[in-house]
$ cat start.cif   # mmCIF, C-alpha atoms
data_upload
#
loop_
_atom_site.label_atom_id
_atom_site.label_comp_id
_atom_site.auth_asym_id
_atom_site.auth_seq_id
_atom_site.Cartn_x
_atom_site.Cartn_y
_atom_site.Cartn_z
CA MET A 1 23.23 143.99 31.58
CA VAL A 2 20.91 146.47 29.88
CA SER A 3 21.91 150.07 30.51
CA GLU A 4 19.09 151.99 32.17
CA LEU A 5 20.34 155.39 31.05
CA SER A 6 22.50 156.91 28.34
CA VAL A 7 23.21 160.60 27.89
CA GLU A 8 24.41 161.97 24.56
CA SER A 9 25.68 165.50 24.24
CA HIS A 10 25.93 167.87 21.25
CA GLU A 11 26.61 171.56 20.81
CA ARG A 12 24.60 173.77 18.48
CA ASP A 13 24.63 177.57 18.19
CA GLY A 14 26.51 177.90 21.48
CA VAL A 15 23.99 175.70 23.29
CA VAL A 16 24.83 172.32 24.78
CA LEU A 17 22.08 169.80 24.10
CA LEU A 18 21.83 166.84 26.46
CA TYR A 19 19.83 163.79 25.41
CA PRO A 20 19.14 161.56 28.41
CA SER A 21 17.53 158.32 27.26
CA GLY A 22 15.97 155.81 29.62
CA PHE A 23 15.45 156.09 33.36
CA ILE A 24 16.96 158.58 35.79
CA ASN A 25 16.87 157.48 39.41
CA ALA A 26 19.29 157.13 42.32
CA HIS A 27 21.13 154.36 40.46
CA THR A 28 21.71 156.21 37.20
CA VAL A 29 21.76 159.86 38.24
CA ARG A 30 25.56 160.17 38.37
CA LEU A 31 25.72 159.76 34.60
CA PHE A 32 23.26 162.63 34.15
CA GLU A 33 25.06 164.79 36.75
CA GLY A 34 28.34 164.10 34.96
CA ALA A 35 26.93 165.31 31.64
CA LEU A 36 25.62 168.52 33.24
CA GLN A 37 28.93 169.08 35.01
CA LYS A 38 30.93 168.49 31.84
CA ALA A 39 28.95 171.19 30.02
CA ILE A 40 29.48 173.65 32.86
CA GLU A 41 33.17 172.89 33.23
CA GLY A 42 33.49 173.48 29.48
CA GLY A 43 32.21 177.00 30.10
CA CYS A 44 28.84 176.48 28.43
CA TYR A 45 26.01 177.79 30.55
CA ARG A 46 23.32 177.52 27.92
CA ILE A 47 21.97 174.03 28.28
CA VAL A 48 18.93 172.29 26.82
CA VAL A 49 17.86 168.96 28.26
CA SER A 50 15.96 167.30 25.43
CA GLY A 51 13.84 164.62 27.04
CA ALA A 52 12.21 162.78 24.14
CA GLY A 53 14.01 159.58 25.15
CA LEU A 54 13.43 160.05 28.85
CA ARG A 55 10.94 157.49 30.10
CA TYR A 56 11.11 158.20 33.80
CA VAL A 57 12.73 160.65 36.18
CA ALA A 58 12.82 160.24 39.94
CA SER A 59 13.63 163.02 42.39
CA ALA A 60 17.35 162.25 42.07
CA GLY A 61 17.23 163.55 38.49
CA LEU A 62 15.36 166.69 39.51
CA GLY A 63 17.92 167.15 42.29
CA ALA A 64 20.73 167.02 39.73
CA LEU A 65 19.15 169.97 37.91
CA MET A 66 18.62 171.86 41.17
CA GLY A 67 22.22 171.32 42.22
CA VAL A 68 23.62 173.31 39.28
CA ILE A 69 20.90 175.78 38.27
CA GLU A 70 22.14 178.58 40.55
CA GLU A 71 25.70 178.34 39.16
CA VAL A 72 24.39 178.29 35.58
CA ARG A 73 22.15 181.33 36.07
CA THR A 74 24.79 183.24 38.02
CA ASN A 75 26.94 182.92 34.90
CA GLY A 76 24.20 184.35 32.68
CA GLY A 77 22.96 181.03 31.34
CA ASP A 78 20.02 178.74 31.92
CA ILE A 79 18.93 175.13 31.76
CA ARG A 80 15.88 174.72 29.54
CA ILE A 81 13.84 171.58 29.11
CA ALA A 82 12.21 170.24 25.95
CA GLU A 83 10.20 167.36 24.53
CA LEU A 84 9.08 165.75 27.78
CA ASN A 85 6.59 162.93 27.53
CA GLU A 86 3.40 163.14 29.57
CA THR A 87 4.69 160.98 32.44
CA VAL A 88 7.86 163.03 32.94
CA SER A 89 6.04 166.32 32.37
CA ASN A 90 3.58 165.40 35.14
CA ILE A 91 6.46 164.76 37.55
CA PHE A 92 7.97 168.18 36.77
CA GLU A 93 4.60 169.83 37.39
CA MET A 94 3.94 167.89 40.57
CA LEU A 95 7.04 169.41 42.16
CA GLY A 96 6.50 172.85 40.64
CA PHE A 97 9.57 172.58 38.41
CA ASN A 98 7.54 174.09 35.57
CA HIS A 99 7.66 177.38 37.53
CA LEU A 100 11.42 177.26 37.99
CA TYR A 101 12.44 175.99 34.55
CA ARG A 102 11.25 176.99 31.09
CA ILE A 103 9.82 173.95 29.38
CA PHE A 104 9.33 173.88 25.60
CA PRO A 105 7.38 171.49 23.39
CA SER A 106 10.28 171.18 20.95
CA GLU A 107 14.06 171.14 21.14
CA GLN A 108 14.28 173.79 18.41
CA GLU A 109 12.11 176.21 20.39
CA ALA A 110 14.28 175.68 23.46
CA VAL A 111 17.49 176.36 21.49
CA SER A 112 15.97 179.40 19.75
CA SER A 113 14.84 180.85 23.09
CA PHE A 114 18.49 181.47 23.95
CA ARG A 115 18.91 183.55 20.80
CA GLU A 116 15.87 185.64 21.67
CA ALA A 117 17.20 186.21 25.18
CA SER A 118 20.75 186.89 24.00
CA GLY A 119 22.41 189.50 26.18
CA ARG A 120 19.66 189.31 28.77
CA LYS A 121 19.59 187.24 31.93
CA PRO A 122 16.81 184.63 32.04
CA ARG A 123 13.65 185.93 33.68
CA ALA A 124 12.92 182.80 35.68
CA SER A 125 16.02 183.24 37.82
CA ALA A 126 15.96 181.48 41.17
CA MET B 1 -21.32 148.38 27.81
CA SER B 2 -20.22 145.40 29.87
CA VAL B 3 -18.85 145.92 33.35
CA ARG B 4 -16.78 143.09 34.72
CA LYS B 5 -16.02 142.69 38.37
CA ARG B 6 -12.33 143.06 39.16
CA ARG B 7 -10.71 139.92 40.61
CA ALA B 8 -9.21 140.21 44.08
CA LEU B 9 -5.45 140.63 43.92
CA PRO B 10 -3.45 138.30 46.19
CA THR B 11 -0.86 139.84 48.48
CA VAL B 12 2.45 140.35 46.68
CA VAL B 13 5.75 140.42 48.58
CA LEU B 14 9.08 141.45 47.08
CA ARG B 15 12.38 141.27 48.97
CA VAL B 16 15.43 142.76 47.28
CA PRO B 17 18.98 143.63 48.33
CA SER B 18 19.54 147.26 49.27
CA GLY B 19 21.54 148.23 46.19
CA THR B 20 20.29 150.95 43.87
CA GLU B 21 20.67 148.52 40.94
CA PHE B 22 17.51 146.81 42.24
CA LEU B 23 15.38 149.96 42.03
CA ALA B 24 14.43 149.01 38.47
CA ALA B 25 13.00 145.69 39.73
CA ILE B 26 11.06 147.57 42.42
CA ARG B 27 9.75 150.04 39.86
CA ASP B 28 8.71 147.36 37.34
CA THR B 29 7.03 145.16 39.96
CA THR B 30 5.16 148.08 41.49
CA LYS B 31 3.91 149.31 38.13
CA ARG B 32 2.63 145.86 37.19
CA VAL B 33 0.93 145.30 40.56
CA ALA B 34 -0.71 148.75 40.39
CA GLU B 35 -2.03 147.98 36.90
CA LEU B 36 -3.39 144.61 38.07
CA ALA B 37 -5.01 146.38 41.01
CA GLY B 38 -6.91 148.61 38.57
CA CYS B 39 -4.77 151.72 38.08
CA ASP B 40 -4.45 153.12 34.56
CA GLU B 41 -0.94 153.14 33.07
CA ALA B 42 -0.15 156.75 33.99
CA THR B 43 -1.28 156.31 37.59
CA ALA B 44 0.59 153.00 37.87
CA ALA B 45 3.77 154.77 36.68
CA GLN B 46 3.31 157.43 39.37
CA VAL B 47 2.76 154.82 42.09
CA ALA B 48 5.96 153.13 40.90
CA LEU B 49 7.77 156.46 41.26
CA ALA B 50 6.47 156.92 44.83
CA VAL B 51 7.68 153.43 45.78
CA ASP B 52 11.04 154.03 44.04
CA GLU B 53 11.43 157.18 46.17
CA ALA B 54 10.55 155.31 49.38
CA ALA B 55 13.03 152.52 48.58
CA THR B 56 15.71 155.07 47.67
CA ASN B 57 15.22 156.74 51.06
CA VAL B 58 15.68 153.37 52.78
CA ILE B 59 18.89 152.68 50.86
CA GLU B 60 20.35 156.15 51.33
CA HIS B 61 19.20 157.01 54.85
CA ALA B 62 18.16 153.94 56.87
CA TYR B 63 20.97 151.80 55.43
CA ALA B 64 23.34 154.72 54.67
CA GLY B 65 24.31 153.15 51.36
CA GLU B 66 25.06 149.63 52.68
CA ALA B 67 24.14 147.36 49.76
CA ASP B 68 24.11 144.04 51.68
CA ARG B 69 20.88 144.66 53.58
CA PHE B 70 17.32 144.04 52.36
CA VAL B 71 14.27 146.08 51.47
CA GLU B 72 10.95 144.28 51.75
CA LEU B 73 7.87 145.48 49.93
CA GLY B 74 4.34 144.24 50.51
CA PHE B 75 1.43 145.05 48.21
CA ASP B 76 -2.14 144.50 49.39
CA CYS B 77 -5.51 145.34 47.94
CA PRO B 78 -8.27 145.84 50.48
CA PRO B 79 -11.50 147.05 48.80
CA GLY B 80 -10.93 150.27 46.90
CA GLU B 81 -7.26 150.71 47.80
CA LEU B 82 -3.75 149.64 46.94
CA VAL B 83 -1.62 149.52 50.10
CA VAL B 84 2.17 149.37 49.80
CA GLU B 85 4.42 148.78 52.80
CA ILE B 86 8.17 149.32 52.54
CA VAL B 87 10.04 147.74 55.45
CA ASP B 88 13.69 147.94 56.47
CA ASP B 89 15.68 147.12 59.58
CA GLY B 90 18.07 150.03 59.27
CA ARG B 91 18.61 152.89 61.65
CA PRO B 92 15.45 154.67 62.80
CA VAL B 93 14.49 157.53 60.54
CA ASP B 94 12.34 160.22 62.09
CA ARG B 95 9.70 161.30 59.60
CA ARG B 96 6.66 162.44 61.47
CA SER B 97 5.49 164.81 58.78
CA LEU B 98 5.87 165.31 55.06
CA PRO B 99 8.17 168.27 54.34
CA SER B 100 7.11 171.23 52.23
CA VAL B 101 9.47 172.15 49.42
CA ASP B 102 10.53 175.73 48.64
CA LEU B 103 12.11 175.28 45.21
CA ARG B 104 13.66 178.74 44.95
CA ARG B 105 15.33 178.36 48.35
CA TYR B 106 16.51 174.87 47.41
CA ALA B 107 18.03 176.26 44.20
CA ARG B 108 19.84 179.03 46.08
CA GLU B 109 21.18 176.47 48.54
CA ARG B 110 22.12 174.08 45.67
CA ARG B 111 20.22 171.28 47.40
CA ARG B 112 20.01 168.07 45.44
CA GLY B 113 17.78 166.12 47.82
CA GLY B 114 14.62 166.46 49.82
CA PHE B 115 12.11 166.05 46.99
CA GLY B 116 11.42 162.33 47.32
CA VAL B 117 9.16 162.34 50.36
CA HIS B 118 7.36 165.37 48.98
CA LEU B 119 6.71 163.49 45.72
CA MET B 120 5.43 160.48 47.65
CA GLY B 121 2.90 162.73 49.38
CA ARG B 122 1.80 164.31 46.11
CA ILE B 123 1.27 160.98 44.37
CA MET B 124 -0.25 158.83 47.10
CA ASP B 125 -3.46 159.48 49.04
CA ARG B 126 -1.87 158.60 52.39
CA VAL B 127 1.75 158.24 53.49
CA SER B 128 2.81 157.32 57.03
CA PHE B 129 5.98 156.22 58.81
CA ARG B 130 6.29 154.16 61.99
CA ARG B 131 8.60 151.81 63.88
CA ARG B 132 7.52 148.16 64.15
CA GLY B 133 9.87 146.30 66.47
CA ARG B 134 13.34 146.94 65.04
CA CYS B 135 12.03 147.94 61.64
CA ASN B 136 11.03 151.15 59.89
CA VAL B 137 7.71 150.82 58.09
CA CYS B 138 6.54 153.24 55.43
CA SER B 139 2.90 152.71 54.47
CA MET B 140 1.43 154.29 51.37
CA VAL B 141 -2.14 154.07 50.16
CA LYS B 142 -3.51 154.82 46.69
CA LYS B 143 -7.26 154.92 46.23
CA LEU B 144 -8.37 152.81 43.28
CA PRO B 145 -10.94 153.76 40.67
CA ALA B 146 -14.33 152.12 41.13
CA ALA B 147 -14.36 148.52 39.89
CA GLY B 148 -15.46 148.45 36.28
CA ALA B 149 -14.21 151.94 35.46
CA GLN B 150 -11.15 150.53 33.71
CA GLU B 151 -12.96 147.83 31.78
CA ALA B 152 -15.78 150.14 30.76
CA ARG B 153 -13.46 152.60 29.00
#

$ encode --input "start.cif" --output "structure tokens"
Amino acid sequence: MVSELSVESHERDGVVLLYPSGFINAHTVRLFEGALQKAIEGGCYRIVVSGAGLRYVASAGLGALMGVIEEVRTNGGDIRIAELNETVSNIFEMLGFNHLYRIFPSEQEAVSSFREASGRKPRASA
Amino acid sequence: MSVRKRRALPTVVLRVPSGTEFLAAIRDTTKRVAELAGCDEATAAQVALAVDEAATNVIEHAYAGEADRFVELGFDCPPGELVVEIVDDGRPVDRRSLPSVDLRRYARERRRGGFGVHLMGRIMDRVSFRRRGRCNVCSMVKKLPAAGAQEAR
């Protein structure tokens, strides 16, 4: 059976980068939640979700981000989003997620934004 | 510039078991039907998302996760519209209005759900819920572009 979602994870400059590839919906969301949870349990609260390989995200995927964002920001970190395609970007905007999360055109800009904000809490705190 | 008349789309019915592993089949079928009905690719993908959300609600709420039930989807194309009906015979779900979503409150409360119906309302032109006999029926309507608009591009 073809896997609908894979999530790779790397760490760079104290930032955990998550690379979901494929489709996030109610069937696959646990894999994405697990990757977010693993980063948090490892004590890393600076997370970039790099979505170049993300073809589709249903509300379950957005819910996974919402379920952990308060904990991440309370610990001085943030979840930042990068490299969304037009379809996924439209879904984020439709729900107003672009007002709650910082979204960057490139992964590098998202990673660098943590350096710029070093020592400061993210402005877009819930 | 030639403008061809769009052919009428026959009614399409899809009946799938109520497991989340079948959401991909629902998504793919919906996207293809929406494209055949005249939606552009981006709109068809959004319609597929709305139907995915409706089917997910059936699986999670009406059937409470029971994977041995069925979700039936009907696609119809009266003039100018794509009508999708999602039918289940699970427990009645009271949805008389589409909820508004306060993202900052949801974040504070660490809520993971509650966005699906809101998304359906944002994507589709009309969304309604009713009981028909022992079934829940969710009807969603997407207005189609004028015939010829696709071909003329």

$ atom_distance --input "start.cif" --atom1 "CA of Ala35 in chain A" --atom2 "CA of Gly51 in chain A"
13.9 Å

$ residues_around --input "start.cif" --residues "Gln37 in chain A" --least-positions-apart "5" --cutoff "9 Å" --atoms "all atoms listed in the file" --output "PDB file with C-alpha atoms, keeping the file's coordinate frame"
ATOM      1  CA  PHE A  32      23.260 162.630  34.150  1.00  0.00           C
ATOM      2  CA  GLY A  42      33.490 173.480  29.480  1.00  0.00           C
ATOM      3  CA  VAL A  68      23.620 173.310  39.280  1.00  0.00           C
TER       4      VAL A  68
END

$ closest_residue --input "start.cif" --among "B:Arg111, B:Lys143, B:His61, B:Arg91" --to "chain A" --atoms "only C-alpha atoms"
B:Arg111

$ resolve_selection --input "start.cif" --expression "the PyMOL selection byres ((chain A and resi 78) around 7)" --output "ChimeraX atom specification"
/A:45-47,72-73,77,79-80,122

$ atom_distance --input "start.cif" --atom1 "CA of Phe22 in chain B" --atom2 "CA of Lys38 in chain A"
27.5 Å

$ residues_around --input "start.cif" --residues "range 7-24 of chain A" --least-positions-apart "4" --cutoff "6 Å" --atoms "all atoms listed in the file" --output "PyMOL selection string"
chain A and resi 28-29+46-50+53-57+61

$ interface_residues --input "start.cif" --of "chain B" --to "chain A" --cutoff "8 Å" --atoms "all atoms listed in the file" --output "ChimeraX atom specification"
/B:20-21,23,42,45-46,49,52-53,56,103-108,110-113,115-116,118-119,122

$ atom_distance --input "start.cif" --atom1 "CA of Arg32 in chain B" --atom2 "CA of Ala146 in chain B"
18.5 Å

$ residues_around --input "start.cif" --residues "Leu73 in chain B" --least-positions-apart "5" --cutoff "6 Å" --atoms "all atoms listed in the file" --output "list of chain:residue names"
B:Val13, B:Leu14, B:Glu85, B:Ile86

$ closest_residue --input "start.cif" --among "B:Glu81, B:Asp94, B:Asp68, B:Glu109" --to "Ala34 in chain B" --atoms "all atoms listed in the file"
B:Glu81

$ closest_residue --input "start.cif" --among "B:Val93, B:Ile123, B:Val16, B:Ala37" --to "Arg69 in chain B" --atoms "all atoms listed in the file"
B:Val16

$ resolve_selection --input "start.cif" --expression "the PyMOL selection byres ((chain B and resi 66) around 12)" --output "JSON, numbers by chain"
{"B": [17, 18, 19, 20, 56, 58, 59, 60, 61, 62, 63, 64, 65, 67, 68, 69, 70, 71, 89, 90, 91]}

$ resolve_selection --input "start.cif" --expression "the PyMOL selection byres ((chain A and resi 83) around 6)" --output "list in words"
Ser50, Gly51, Ala52, Ala82, Leu84, Pro105 and Ser106 of chain A

$ residues_around --input "start.cif" --residues "Glu35 in chain B" --least-positions-apart "4" --cutoff "12 Å" --atoms "only C-alpha atoms" --output "PyMOL selection string"
chain B and resi 6+9+28-31+39-48+77+82+144-145+150

$ decode --input "start.cif" --residues "chain A" --atoms "C-alpha atoms" --output "PDB file, in the first residue's frame"
ATOM      1  CA  MET A   1       0.000   0.000   0.000  1.00  0.00           C
ATOM      2  CA  VAL A   2       1.312   3.447  -0.903  1.00  0.00           C
ATOM      3  CA  SER A   3       2.036   5.579   2.148  1.00  0.00           C
ATOM      4  CA  GLU A   4       0.005   8.781   2.081  1.00  0.00           C
ATOM      5  CA  LEU A   5       2.346  10.665   4.408  1.00  0.00           C
ATOM      6  CA  SER A   6       5.946  10.569   5.548  1.00  0.00           C
ATOM      7  CA  VAL A   7       7.560  12.990   7.979  1.00  0.00           C
ATOM      8  CA  GLU A   8      11.325  13.421   8.102  1.00  0.00           C
ATOM      9  CA  SER A   9      12.985  15.353  10.873  1.00  0.00           C
ATOM     10  CA  HIS A  10      16.358  17.134  11.084  1.00  0.00           C
ATOM     11  CA  GLU A  11      17.952  19.572  13.491  1.00  0.00           C
ATOM     12  CA  ARG A  12      19.861  22.644  12.364  1.00  0.00           C
ATOM     13  CA  ASP A  13      21.115  25.576  14.466  1.00  0.00           C
ATOM     14  CA  GLY A  14      18.945  24.515  17.399  1.00  0.00           C
ATOM     15  CA  VAL A  15      15.839  24.343  15.220  1.00  0.00           C
ATOM     16  CA  VAL A  16      13.941  21.136  14.493  1.00  0.00           C
ATOM     17  CA  LEU A  17      12.891  20.965  10.857  1.00  0.00           C
ATOM     18  CA  LEU A  18       9.934  18.739  10.014  1.00  0.00           C
ATOM     19  CA  TYR A  19       9.353  17.693   6.417  1.00  0.00           C
ATOM     20  CA  PRO A  20       5.848  16.290   5.986  1.00  0.00           C
ATOM     21  CA  SER A  21       5.452  14.851   2.503  1.00  0.00           C
ATOM     22  CA  GLY A  22       2.122  13.808   1.034  1.00  0.00           C
ATOM     23  CA  PHE A  23      -1.337  14.211   2.508  1.00  0.00           C
ATOM     24  CA  ILE A  24      -2.318  15.086   6.079  1.00  0.00           C
ATOM     25  CA  ASN A  25      -5.872  14.158   6.990  1.00  0.00           C
ATOM     26  CA  ALA A  26      -7.671  12.236   9.732  1.00  0.00           C
ATOM     27  CA  HIS A  27      -6.043   9.009   8.548  1.00  0.00           C
ATOM     28  CA  THR A  28      -2.443  10.196   8.561  1.00  0.00           C
ATOM     29  CA  VAL A  29      -2.415  12.940  11.172  1.00  0.00           C
ATOM     30  CA  ARG A  30      -1.057  10.762  14.007  1.00  0.00           C
ATOM     31  CA  LEU A  31       2.264  10.496  12.196  1.00  0.00           C
ATOM     32  CA  PHE A  32       2.499  14.291  11.986  1.00  0.00           C
ATOM     33  CA  GLU A  33       1.390  14.716  15.618  1.00  0.00           C
ATOM     34  CA  GLY A  34       4.023  12.181  16.655  1.00  0.00           C
ATOM     35  CA  ALA A  35       6.783  14.131  14.911  1.00  0.00           C
ATOM     36  CA  LEU A  36       5.694  17.376  16.605  1.00  0.00           C
ATOM     37  CA  GLN A  37       5.470  15.648  19.973  1.00  0.00           C
ATOM     38  CA  LYS A  38       8.890  14.046  19.576  1.00  0.00           C
ATOM     39  CA  ALA A  39      10.484  17.459  18.984  1.00  0.00           C
ATOM     40  CA  ILE A  40       8.763  18.915  22.038  1.00  0.00           C
ATOM     41  CA  GLU A  41       9.600  15.972  24.274  1.00  0.00           C
ATOM     42  CA  GLY A  42      13.217  16.369  23.160  1.00  0.00           C
ATOM     43  CA  GLY A  43      13.097  19.882  24.611  1.00  0.00           C
ATOM     44  CA  CYS A  44      13.220  21.675  21.269  1.00  0.00           C
ATOM     45  CA  TYR A  45      10.619  24.400  21.047  1.00  0.00           C
ATOM     46  CA  ARG A  46      11.917  25.995  17.880  1.00  0.00           C
ATOM     47  CA  ILE A  47      10.201  24.145  15.100  1.00  0.00           C
ATOM     48  CA  VAL A  48       9.941  24.780  11.370  1.00  0.00           C
ATOM     49  CA  VAL A  49       7.408  22.822   9.348  1.00  0.00           C
ATOM     50  CA  SER A  50       8.813  22.854   5.831  1.00  0.00           C
ATOM     51  CA  GLY A  51       5.912  22.058   3.549  1.00  0.00           C
ATOM     52  CA  ALA A  52       7.434  21.783   0.073  1.00  0.00           C
ATOM     53  CA  GLY A  53       6.368  18.133  -0.105  1.00  0.00           C
ATOM     54  CA  LEU A  54       2.970  18.724   1.419  1.00  0.00           C
ATOM     55  CA  ARG A  55       0.276  18.273  -1.201  1.00  0.00           C
ATOM     56  CA  TYR A  56      -2.781  18.573   0.978  1.00  0.00           C
ATOM     57  CA  VAL A  57      -3.685  19.351   4.570  1.00  0.00           C
ATOM     58  CA  ALA A  58      -7.124  18.829   6.071  1.00  0.00           C
ATOM     59  CA  SER A  59      -8.305  20.375   9.324  1.00  0.00           C
ATOM     60  CA  ALA A  60      -6.850  17.439  11.274  1.00  0.00           C
ATOM     61  CA  GLY A  61      -3.360  18.654  10.350  1.00  0.00           C
ATOM     62  CA  LEU A  62      -4.149  22.220  11.350  1.00  0.00           C
ATOM     63  CA  GLY A  63      -5.576  20.855  14.603  1.00  0.00           C
ATOM     64  CA  ALA A  64      -2.294  19.065  15.298  1.00  0.00           C
ATOM     65  CA  LEU A  65      -0.487  22.423  15.126  1.00  0.00           C
ATOM     66  CA  MET A  66      -3.110  24.087  17.313  1.00  0.00           C
ATOM     67  CA  GLY A  67      -2.864  21.350  19.923  1.00  0.00           C
ATOM     68  CA  VAL A  68       0.785  22.113  20.717  1.00  0.00           C
ATOM     69  CA  ILE A  69       1.327  25.782  19.846  1.00  0.00           C
ATOM     70  CA  GLU A  70       0.464  27.079  23.328  1.00  0.00           C
ATOM     71  CA  GLU A  71       2.949  24.696  24.997  1.00  0.00           C
ATOM     72  CA  VAL A  72       5.656  25.615  22.480  1.00  0.00           C
ATOM     73  CA  ARG A  73       5.179  29.368  22.936  1.00  0.00           C
ATOM     74  CA  THR A  74       4.899  29.095  26.714  1.00  0.00           C
ATOM     75  CA  ASN A  75       8.394  27.605  26.598  1.00  0.00           C
ATOM     76  CA  GLY A  76       9.732  30.532  24.572  1.00  0.00           C
ATOM     77  CA  GLY A  77       9.626  28.803  21.206  1.00  0.00           C
ATOM     78  CA  ASP A  78       7.441  28.875  18.130  1.00  0.00           C
ATOM     79  CA  ILE A  79       6.258  26.783  15.215  1.00  0.00           C
ATOM     80  CA  ARG A  80       7.016  28.480  11.916  1.00  0.00           C
ATOM     81  CA  ILE A  81       5.846  27.363   8.514  1.00  0.00           C
ATOM     82  CA  ALA A  82       7.727  27.484   5.214  1.00  0.00           C
ATOM     83  CA  GLU A  83       7.518  26.578   1.539  1.00  0.00           C
ATOM     84  CA  LEU A  84       3.796  25.925   1.292  1.00  0.00           C
ATOM     85  CA  ASN A  85       2.378  25.330  -2.152  1.00  0.00           C
ATOM     86  CA  GLU A  86      -0.564  27.438  -3.289  1.00  0.00           C
ATOM     87  CA  THR A  87      -3.210  24.837  -2.385  1.00  0.00           C
ATOM     88  CA  VAL A  88      -1.968  24.396   1.181  1.00  0.00           C
ATOM     89  CA  SER A  89      -1.283  28.114   1.604  1.00  0.00           C
ATOM     90  CA  ASN A  90      -4.897  28.857   0.632  1.00  0.00           C
ATOM     91  CA  ILE A  91      -6.159  26.443   3.293  1.00  0.00           C
ATOM     92  CA  PHE A  92      -4.031  28.166   5.961  1.00  0.00           C
ATOM     93  CA  GLU A  93      -5.393  31.543   4.898  1.00  0.00           C
ATOM     94  CA  MET A  94      -8.982  30.343   4.740  1.00  0.00           C
ATOM     95  CA  LEU A  95      -8.870  29.497   8.445  1.00  0.00           C
ATOM     96  CA  GLY A  96      -6.834  32.557   9.393  1.00  0.00           C
ATOM     97  CA  PHE A  97      -3.777  30.484  10.328  1.00  0.00           C
ATOM     98  CA  ASN A  98      -1.600  33.050   8.561  1.00  0.00           C
ATOM     99  CA  HIS A  99      -2.460  35.438  11.426  1.00  0.00           C
ATOM    100  CA  LEU A 100      -1.518  32.950  14.123  1.00  0.00           C
ATOM    101  CA  TYR A 101       1.606  31.451  12.544  1.00  0.00           C
ATOM    102  CA  ARG A 102       4.512  33.109  10.776  1.00  0.00           C
ATOM    103  CA  ILE A 103       4.737  31.732   7.264  1.00  0.00           C
ATOM    104  CA  PHE A 104       7.920  32.131   5.213  1.00  0.00           C
ATOM    105  CA  PRO A 105       8.562  31.606   1.506  1.00  0.00           C
ATOM    106  CA  SER A 106      11.734  29.617   2.212  1.00  0.00           C
ATOM    107  CA  GLU A 107      12.935  27.188   4.847  1.00  0.00           C
ATOM    108  CA  GLN A 108      16.143  29.202   5.312  1.00  0.00           C
ATOM    109  CA  GLU A 109      14.197  32.371   6.126  1.00  0.00           C
ATOM    110  CA  ALA A 110      12.115  30.469   8.668  1.00  0.00           C
ATOM    111  CA  VAL A 111      15.226  29.038  10.366  1.00  0.00           C
ATOM    112  CA  SER A 112      17.002  32.418  10.328  1.00  0.00           C
ATOM    113  CA  SER A 113      13.976  34.128  11.887  1.00  0.00           C
ATOM    114  CA  PHE A 114      14.706  32.262  15.115  1.00  0.00           C
ATOM    115  CA  ARG A 115      18.215  33.721  15.201  1.00  0.00           C
ATOM    116  CA  GLU A 116      16.852  37.229  14.730  1.00  0.00           C
ATOM    117  CA  ALA A 117      14.355  36.690  17.539  1.00  0.00           C
ATOM    118  CA  SER A 118      16.881  35.009  19.825  1.00  0.00           C
ATOM    119  CA  GLY A 119      16.212  35.896  23.435  1.00  0.00           C
ATOM    120  CA  ARG A 120      12.836  37.389  22.617  1.00  0.00           C
ATOM    121  CA  LYS A 121       9.461  35.722  22.772  1.00  0.00           C
ATOM    122  CA  PRO A 122       7.664  35.457  19.419  1.00  0.00           C
ATOM    123  CA  ARG A 123       5.373  38.397  18.750  1.00  0.00           C
ATOM    124  CA  ALA A 124       2.517  36.365  17.330  1.00  0.00           C
ATOM    125  CA  SER A 125       1.855  34.667  20.650  1.00  0.00           C
ATOM    126  CA  ALA A 126      -1.617  33.210  21.090  1.00  0.00           C
TER     127      ALA A 126
END
